[in-house]
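> Could you have a look at this structure, given as structure tokens, before my questions?
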Amino acid sequence: MLHMIAVTRTGTVRRRGEENGLGGEVAGTTAGRGPGATWRRLRVLERATRPVDPLIAAALDRRWDGLPEHVKTPAQLVGRRTTGCEGTHGVFPQCDFTCKPCYHSKDANRVAIDGPHTIREVERQMAHLESERGPSAYAQLIGGEVSLLHPDDHAATIETMRRHGRVPMSFTHGDIDAEYLERLTIKPDGTRRFDFLSFAAHFDMTMFGRRGLEKPTCERELNPARQRFVEMFDRLRRDHGVRSYLAHNMTVTPTNLDQVAEVVRECRFMGFRMFSFQPAAFVGNETRWTADYRAMSDDDVWAEVERGVGVRLPYKAVQFGDFRCNRVVWGVWVGERFVPVLDDDVPADLRARDLFLHAFRGNFLFVRRPVMTTRVVRTVLRHPRLVPVGLAWARRFVRRGGGILAFRKPLRPMTFVMHSFIDAADVAPAWEALQRGETLSDERLKATQERLAACVYSMAHPDTGQIVPACVQHSLLDPLENVQLVELLPRSPRSRARLADATRA
Ligand code: SF4
């Protein structure tokens, strides 16, 4: 659940009707000449460049109304800037690693990879999310290991997600080859299939099975693999002009906690734009739980991230759902110094945030640049106070960065995220009671209910019409879903042949 927070990403989605950069409908529905046609064209143009798309505004309102009161704070992004993040499930559960812990259920690896199934199910899930959560969102292409999909199927799945206005991020263990990426992005005739790709790669020493490093004994051993991963995307850009946004994912357990700071220090300039940390939880395959994950707290993990960054990371300036689930800080490396965009200890920064969230609803990154620029201009004209407030914020930001001369050093935008899944043992009773409309009195379960109600990482069930928290998916629904998938897509060749025979009969 990391790229849900990546609102600084530079990828744009070509939404239906925006093919000409200022709304395809401008050309498509207003053909003709004369004052009538011109007037119609202007009206369509006006609508396409409104500060917030009416469909997005409606989706944001629905989302805000559905949030529990305890997270409706001035810092909350959900229901204002975004409707949250989304993920796929049950579309390619298999993985060729044996990580400990692993959030997938025991049967996940008995399910065959099947491209048509993936594309079909992703289509259904994204269509449901589009109808419920609005025309645009960040969405994770996630399940098992995405690179087990044939590159053509992987590409078709990305295209499917984009057709539904989603910005997909493919989740991988990172042990992939340049040839795979090339086949994913470049068509057989040598032309680009995508201008931009988004990947999250998981690297940490709880993962087993990486080629050449089956059982890492420390985080540092993984640095060459981290570097190699980023370099493949550098090459893609150099050779084919394909840009990318790369996130680095890391599960944190009591075993590698004291290595987090070193990972940040040594990998911060490799080329990842986001570092996301997941404190381990008791979720998924219980045969892979190896330590007492409760021996460390979220604060312990965050403190180690801060130690690596070298400054306090003021995560309370913006809120994504519930702080007990998510922490996020955007900032820029100014040379060797990390400068957060907002400081939660500076009242003027918080006032600037409030104005920004009030003025800029929705996420402009989902539209093409001319539309985005026009929307920004119209927003500023509507809220002229943005100019002095923005300038004052910029002055503070430059001062925090060490003064204007410091900004001659390389500038690297970066996001730090922590996402803390909830233990399955808590999710089950909390969710079941929520479904019955009951609030539990046990402190831990009550907290779990609050977090689930404020969840920002959603998975769609078009059959039941539900959208559920990823915690519920992994803790409660995955096991049964994977048993059903084993029936549908058995992995062993013999059982597949039996199924084919049965289907023919
Ligand atoms: S409820 Fe679970 S999936 Fe949802 S935001 Fe919290 S930790 Fe993430």
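Letters for chains follow the order of the structure tokens (A, B, ...), residue numbers begin at 1 for each chain, and ligand numbers begin at 1 in the order shown.
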What residues of the protein or nucleic acid chains come within 7 Å of ligand 1 when you use only C-alpha atoms and all ligand atoms? Reply as an mmCIF file with C-alpha atoms, in the first residue's frame.


data_model
loop_
_atom_site.group_PDB
_atom_site.id
_atom_site.type_symbol
_atom_site.label_atom_id
_atom_site.label_comp_id
_atom_site.auth_asym_id
_atom_site.auth_seq_id
_atom_site.Cartn_x
_atom_site.Cartn_y
_atom_site.Cartn_z
ATOM 1 C CA MET A 1 0.000 0.000 0.000
ATOM 2 C CA GLY A 321 -6.623 7.807 6.507
ATOM 3 C CA ASP A 322 -5.576 6.920 10.043
ATOM 4 C CA CYS A 325 -2.051 2.872 9.459
ATOM 5 C CA ASN A 326 -0.110 5.420 7.449
ATOM 6 C CA HIS A 419 2.212 1.482 6.196
ATOM 7 C CA SER A 420 1.323 -0.744 9.137
ATOM 8 C CA PHE A 421 -0.961 -3.668 8.410
ATOM 9 C CA ILE A 422 -3.115 -4.973 11.245
ATOM 10 C CA ARG A 451 -8.701 1.969 11.394
ATOM 11 C CA LEU A 452 -10.730 -0.289 9.114
ATOM 12 C CA ALA A 454 -10.883 4.913 7.835
ATOM 13 C CA CYS A 455 -9.061 2.562 5.471
ATOM 14 C CA VAL A 456 -7.459 4.115 2.401
ATOM 15 C CA TYR A 457 -6.220 0.976 0.685
ATOM 16 C CA SER A 458 -9.170 -0.654 -1.015
ATOM 17 C CA PRO A 469 -9.796 -2.785 3.239
ATOM 18 C CA ALA A 470 -6.675 -4.661 2.104
ATOM 19 C CA CYS A 471 -6.315 -5.866 5.718
#

> Which of stretch 449-499 of chain A end up as strand (DSSP E or B) when DSSP is run on this backbone - answer as number ranges by chain?

A: 457-461, 466-469, 490

> Those residues you just picked out, can you put them in a file as a PDB file, in the first residue's frame with N, CA and C atoms?


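For reference, part-v7.pdb as written:
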ATOM      1  N   TYR A 457      -6.825   1.913   1.631  1.00  0.00           N
ATOM      2  CA  TYR A 457      -6.220   0.976   0.685  1.00  0.00           C
ATOM      3  C   TYR A 457      -7.275  -0.087   0.381  1.00  0.00           C
ATOM      4  N   SER A 458      -7.925   0.071  -0.777  1.00  0.00           N
ATOM      5  CA  SER A 458      -9.170  -0.654  -1.015  1.00  0.00           C
ATOM      6  C   SER A 458      -9.047  -1.707  -2.103  1.00  0.00           C
ATOM      7  N   MET A 459      -9.820  -2.754  -1.922  1.00  0.00           N
ATOM      8  CA  MET A 459      -9.880  -3.803  -2.938  1.00  0.00           C
ATOM      9  C   MET A 459     -11.341  -4.082  -3.279  1.00  0.00           C
ATOM     10  N   ALA A 460     -11.575  -4.283  -4.578  1.00  0.00           N
ATOM     11  CA  ALA A 460     -12.958  -4.325  -5.064  1.00  0.00           C
ATOM     12  C   ALA A 460     -13.470  -5.750  -5.203  1.00  0.00           C
ATOM     13  N   HIS A 461     -14.739  -5.919  -4.868  1.00  0.00           N
ATOM     14  CA  HIS A 461     -15.435  -7.197  -5.084  1.00  0.00           C
ATOM     15  C   HIS A 461     -16.681  -6.923  -5.904  1.00  0.00           C
ATOM     16  N   GLN A 466     -18.980  -4.974  -2.899  1.00  0.00           N
ATOM     17  CA  GLN A 466     -18.214  -4.430  -1.764  1.00  0.00           C
ATOM     18  C   GLN A 466     -16.863  -3.863  -2.196  1.00  0.00           C
ATOM     19  N   ILE A 467     -16.397  -2.907  -1.406  1.00  0.00           N
ATOM     20  CA  ILE A 467     -15.006  -2.472  -1.486  1.00  0.00           C
ATOM     21  C   ILE A 467     -14.455  -2.659  -0.073  1.00  0.00           C
ATOM     22  N   VAL A 468     -13.409  -3.476   0.058  1.00  0.00           N
ATOM     23  CA  VAL A 468     -12.963  -3.843   1.411  1.00  0.00           C
ATOM     24  C   VAL A 468     -11.542  -3.338   1.654  1.00  0.00           C
ATOM     25  N   PRO A 469     -11.183  -3.117   2.916  1.00  0.00           N
ATOM     26  CA  PRO A 469      -9.796  -2.785   3.239  1.00  0.00           C
ATOM     27  C   PRO A 469      -8.865  -3.945   2.875  1.00  0.00           C
ATOM     28  N   PRO A 490      -5.744 -24.588 -11.452  1.00  0.00           N
ATOM     29  CA  PRO A 490      -4.777 -25.435 -10.741  1.00  0.00           C
ATOM     30  C   PRO A 490      -3.400 -25.334 -11.382  1.00  0.00           C
TER      31      PRO A 490
END

> Just give me the gap between atom CA of A:Ser147 and atom CA of A:Asn256 in Å, one decimal is fine.

26.1 Å

> Hey, what's within 8 Å of stretch 296-309 of chain A if we count only C-alpha atoms and toss same-chain stuff fewer than 4 positions away? As a list in words, please?

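With the cut-off at 8 Å, the set is Val252, Thr253, Pro254, Leu257, Asp258, Val260, Ala261, Glu262, Val263, Val264, Arg265, Pro279, Leu313, Phe338, Met418 and Ser420 of chain A.
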
> Can you list, as a PyMOL selection string, every residue of stretch 19-235 of chain A that DSSP puts in alpha helix (DSSP H)?

chain A and resi 24-28+34-48+54-66+115-133+151-163+178-185+223-235

> May I have the residues within 10 Å of A:His383 as a PDB file with N, CA and C atoms, in the first residue's frame, using only C-alpha atoms and disregarding those fewer than 4 positions away in the same chain?


ATOM      1  N   LEU A 355      -5.068  26.137   3.183  1.00  0.00           N
ATOM      2  CA  LEU A 355      -5.516  26.887   2.012  1.00  0.00           C
ATOM      3  C   LEU A 355      -5.365  26.031   0.752  1.00  0.00           C
ATOM      4  N   PHE A 356      -4.235  25.339   0.667  1.00  0.00           N
ATOM      5  CA  PHE A 356      -3.975  24.499  -0.500  1.00  0.00           C
ATOM      6  C   PHE A 356      -5.060  23.411  -0.627  1.00  0.00           C
ATOM      7  N   HIS A 358      -8.019  23.429   0.577  1.00  0.00           N
ATOM      8  CA  HIS A 358      -9.312  24.050   0.298  1.00  0.00           C
ATOM      9  C   HIS A 358      -9.401  24.443  -1.187  1.00  0.00           C
ATOM     10  N   ALA A 359      -8.298  24.991  -1.722  1.00  0.00           N
ATOM     11  CA  ALA A 359      -8.348  25.528  -3.087  1.00  0.00           C
ATOM     12  C   ALA A 359      -8.213  24.429  -4.146  1.00  0.00           C
ATOM     13  N   PHE A 360      -7.298  23.508  -3.902  1.00  0.00           N
ATOM     14  CA  PHE A 360      -6.999  22.490  -4.922  1.00  0.00           C
ATOM     15  C   PHE A 360      -7.659  21.170  -4.545  1.00  0.00           C
ATOM     16  N   VAL A 377      -4.343  27.649 -13.106  1.00  0.00           N
ATOM     17  CA  VAL A 377      -4.526  29.097 -13.303  1.00  0.00           C
ATOM     18  C   VAL A 377      -5.917  29.515 -12.822  1.00  0.00           C
ATOM     19  N   ARG A 378      -6.929  28.750 -13.191  1.00  0.00           N
ATOM     20  CA  ARG A 378      -8.290  29.114 -12.774  1.00  0.00           C
ATOM     21  C   ARG A 378      -8.436  29.054 -11.255  1.00  0.00           C
ATOM     22  N   THR A 379      -7.751  28.067 -10.648  1.00  0.00           N
ATOM     23  CA  THR A 379      -7.835  27.958  -9.185  1.00  0.00           C
ATOM     24  C   THR A 379      -7.187  29.174  -8.524  1.00  0.00           C
ATOM     25  N   VAL A 387      -1.272  33.142  -3.885  1.00  0.00           N
ATOM     26  CA  VAL A 387       0.007  33.713  -4.340  1.00  0.00           C
ATOM     27  C   VAL A 387       0.875  34.155  -3.157  1.00  0.00           C
TER      28      VAL A 387
END

> Find the residues around A:Val71 up to 10 Å (only C-alpha atoms counted), leave out those fewer than 4 positions away in its own chain, and share them as a list in words.

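Returned residues: Trp64, Leu67, Ala75, Gln76, Leu77, Val78, Gln319, Phe320, Gly321, Asp322, Phe323, Glu450, Arg451, Ala453 and Ala454 of chain A.
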
> For the residues in that selection, give me N, CA and C atoms as a CSV table (one decimal), in the first residue's frame.


chain,number,residue,atom,x,y,z
A,64,TRP,N,-15.5,11.6,1.7
A,64,TRP,CA,-15.4,12.4,2.9
A,64,TRP,C,-16.5,12.1,3.8
A,67,LEU,N,-16.0,8.9,5.7
A,67,LEU,CA,-14.9,8.7,6.7
A,67,LEU,C,-15.5,8.9,8.1
A,75,ALA,N,-5.7,18.0,8.4
A,75,ALA,CA,-4.6,17.4,7.6
A,75,ALA,C,-5.0,16.3,6.7
A,76,GLN,N,-6.3,15.9,6.8
A,76,GLN,CA,-6.8,14.7,6.0
A,76,GLN,C,-6.8,15.0,4.5
A,77,LEU,N,-6.1,14.0,3.7
A,77,LEU,CA,-6.1,14.2,2.3
A,77,LEU,C,-7.3,13.4,1.6
A,78,VAL,N,-7.7,12.4,2.3
A,78,VAL,CA,-8.8,11.6,1.7
A,78,VAL,C,-10.1,12.3,1.7
A,319,GLN,N,-2.4,13.8,6.5
A,319,GLN,CA,-2.9,12.6,7.1
A,319,GLN,C,-3.5,11.8,5.9
A,320,PHE,N,-3.2,10.5,5.9
A,320,PHE,CA,-3.8,9.6,4.8
A,320,PHE,C,-4.6,8.5,5.5
A,321,GLY,N,-5.8,8.8,5.7
A,321,GLY,CA,-6.6,7.8,6.5
A,321,GLY,C,-6.3,8.0,8.0
A,322,ASP,N,-5.8,6.9,8.6
A,322,ASP,CA,-5.6,6.9,10.0
A,322,ASP,C,-4.1,6.9,10.3
A,323,PHE,N,-3.6,7.7,11.2
A,323,PHE,CA,-2.1,7.7,11.4
A,323,PHE,C,-1.6,6.4,11.9
A,450,GLU,N,-11.8,1.3,14.2
A,450,GLU,CA,-11.6,2.7,13.7
A,450,GLU,C,-10.7,2.7,12.5
A,451,ARG,N,-9.6,2.0,12.5
A,451,ARG,CA,-8.7,2.0,11.4
A,451,ARG,C,-9.3,1.4,10.1
A,453,ALA,N,-12.5,1.4,9.4
A,453,ALA,CA,-13.5,2.3,8.9
A,453,ALA,C,-12.8,3.5,8.1
A,454,ALA,N,-11.6,3.8,8.5
A,454,ALA,CA,-10.9,4.9,7.8
A,454,ALA,C,-9.9,4.4,6.8

> Rounded to one decimal in Å, what is the spacing between atom CA of A:Arg399 and atom CA of A:Ala348?

13.8 Å

> I want to know what sits within 9 Å of stretch 42-58 of chain A, based on only C-alpha atoms, with residues of the same chain fewer than 4 positions away left out; could you give that as a PyMOL selection string?

chain A and resi 18+22-23+25-26+29-30+37-38+62-63+79-80+82-83+133-136+359-364+370-379

> Taking only C-alpha atoms into account, which of A:Gly115, A:Gly403, A:Gly165, A:Gly66 comes nearest A:His128?

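Ranked by minimum distance to A:His128, first place goes to A:Gly165.
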
> Could you check the closest approach to A:His474 for each of A:Ser105, A:Thr251, A:Thr98, A:Thr73 and tell me which residue wins, using only C-alpha atoms?

A:Ser105

> Set the distance at 10 Å and use only C-alpha atoms: which residues neighbour A:Asp345 once local chain neighbours fewer than 2 positions away are removed? I'd like the list as a PDB file with N, CA and C atoms, in the first residue's frame.


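The file below, selection.pdb, is the result:
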ATOM      1  N   PRO A 314       8.336  15.079   9.766  1.00  0.00           N
ATOM      2  CA  PRO A 314       7.111  15.605  10.406  1.00  0.00           C
ATOM      3  C   PRO A 314       5.838  15.086   9.735  1.00  0.00           C
ATOM      4  N   LYS A 316       2.876  14.534  10.728  1.00  0.00           N
ATOM      5  CA  LYS A 316       1.519  14.952  11.110  1.00  0.00           C
ATOM      6  C   LYS A 316       0.992  16.130  10.281  1.00  0.00           C
ATOM      7  N   ALA A 317       1.802  16.611   9.353  1.00  0.00           N
ATOM      8  CA  ALA A 317       1.329  17.734   8.525  1.00  0.00           C
ATOM      9  C   ALA A 317       0.234  17.291   7.562  1.00  0.00           C
ATOM     10  N   LEU A 342       6.426  20.232   4.229  1.00  0.00           N
ATOM     11  CA  LEU A 342       5.676  20.874   5.316  1.00  0.00           C
ATOM     12  C   LEU A 342       6.250  20.437   6.652  1.00  0.00           C
ATOM     13  N   ASP A 343       6.277  21.381   7.579  1.00  0.00           N
ATOM     14  CA  ASP A 343       6.733  21.052   8.931  1.00  0.00           C
ATOM     15  C   ASP A 343       5.524  21.159   9.863  1.00  0.00           C
ATOM     16  N   PRO A 347       3.235  26.681  12.389  1.00  0.00           N
ATOM     17  CA  PRO A 347       1.827  27.039  12.131  1.00  0.00           C
ATOM     18  C   PRO A 347       1.602  27.628  10.743  1.00  0.00           C
ATOM     19  N   ALA A 348       2.553  28.405  10.240  1.00  0.00           N
ATOM     20  CA  ALA A 348       2.355  29.009   8.910  1.00  0.00           C
ATOM     21  C   ALA A 348       2.300  27.923   7.832  1.00  0.00           C
ATOM     22  N   ASP A 349       3.080  26.877   8.015  1.00  0.00           N
ATOM     23  CA  ASP A 349       3.022  25.756   7.061  1.00  0.00           C
ATOM     24  C   ASP A 349       1.649  25.092   7.098  1.00  0.00           C
ATOM     25  N   LEU A 350       1.111  24.952   8.288  1.00  0.00           N
ATOM     26  CA  LEU A 350      -0.192  24.298   8.413  1.00  0.00           C
ATOM     27  C   LEU A 350      -1.300  25.171   7.833  1.00  0.00           C
TER      28      LEU A 350
END

> With distances taken over only C-alpha atoms, which residue among A:Ala280, A:Ala127, A:Cys85, A:Val329 lies nearest A:Pro413?

A:Val329
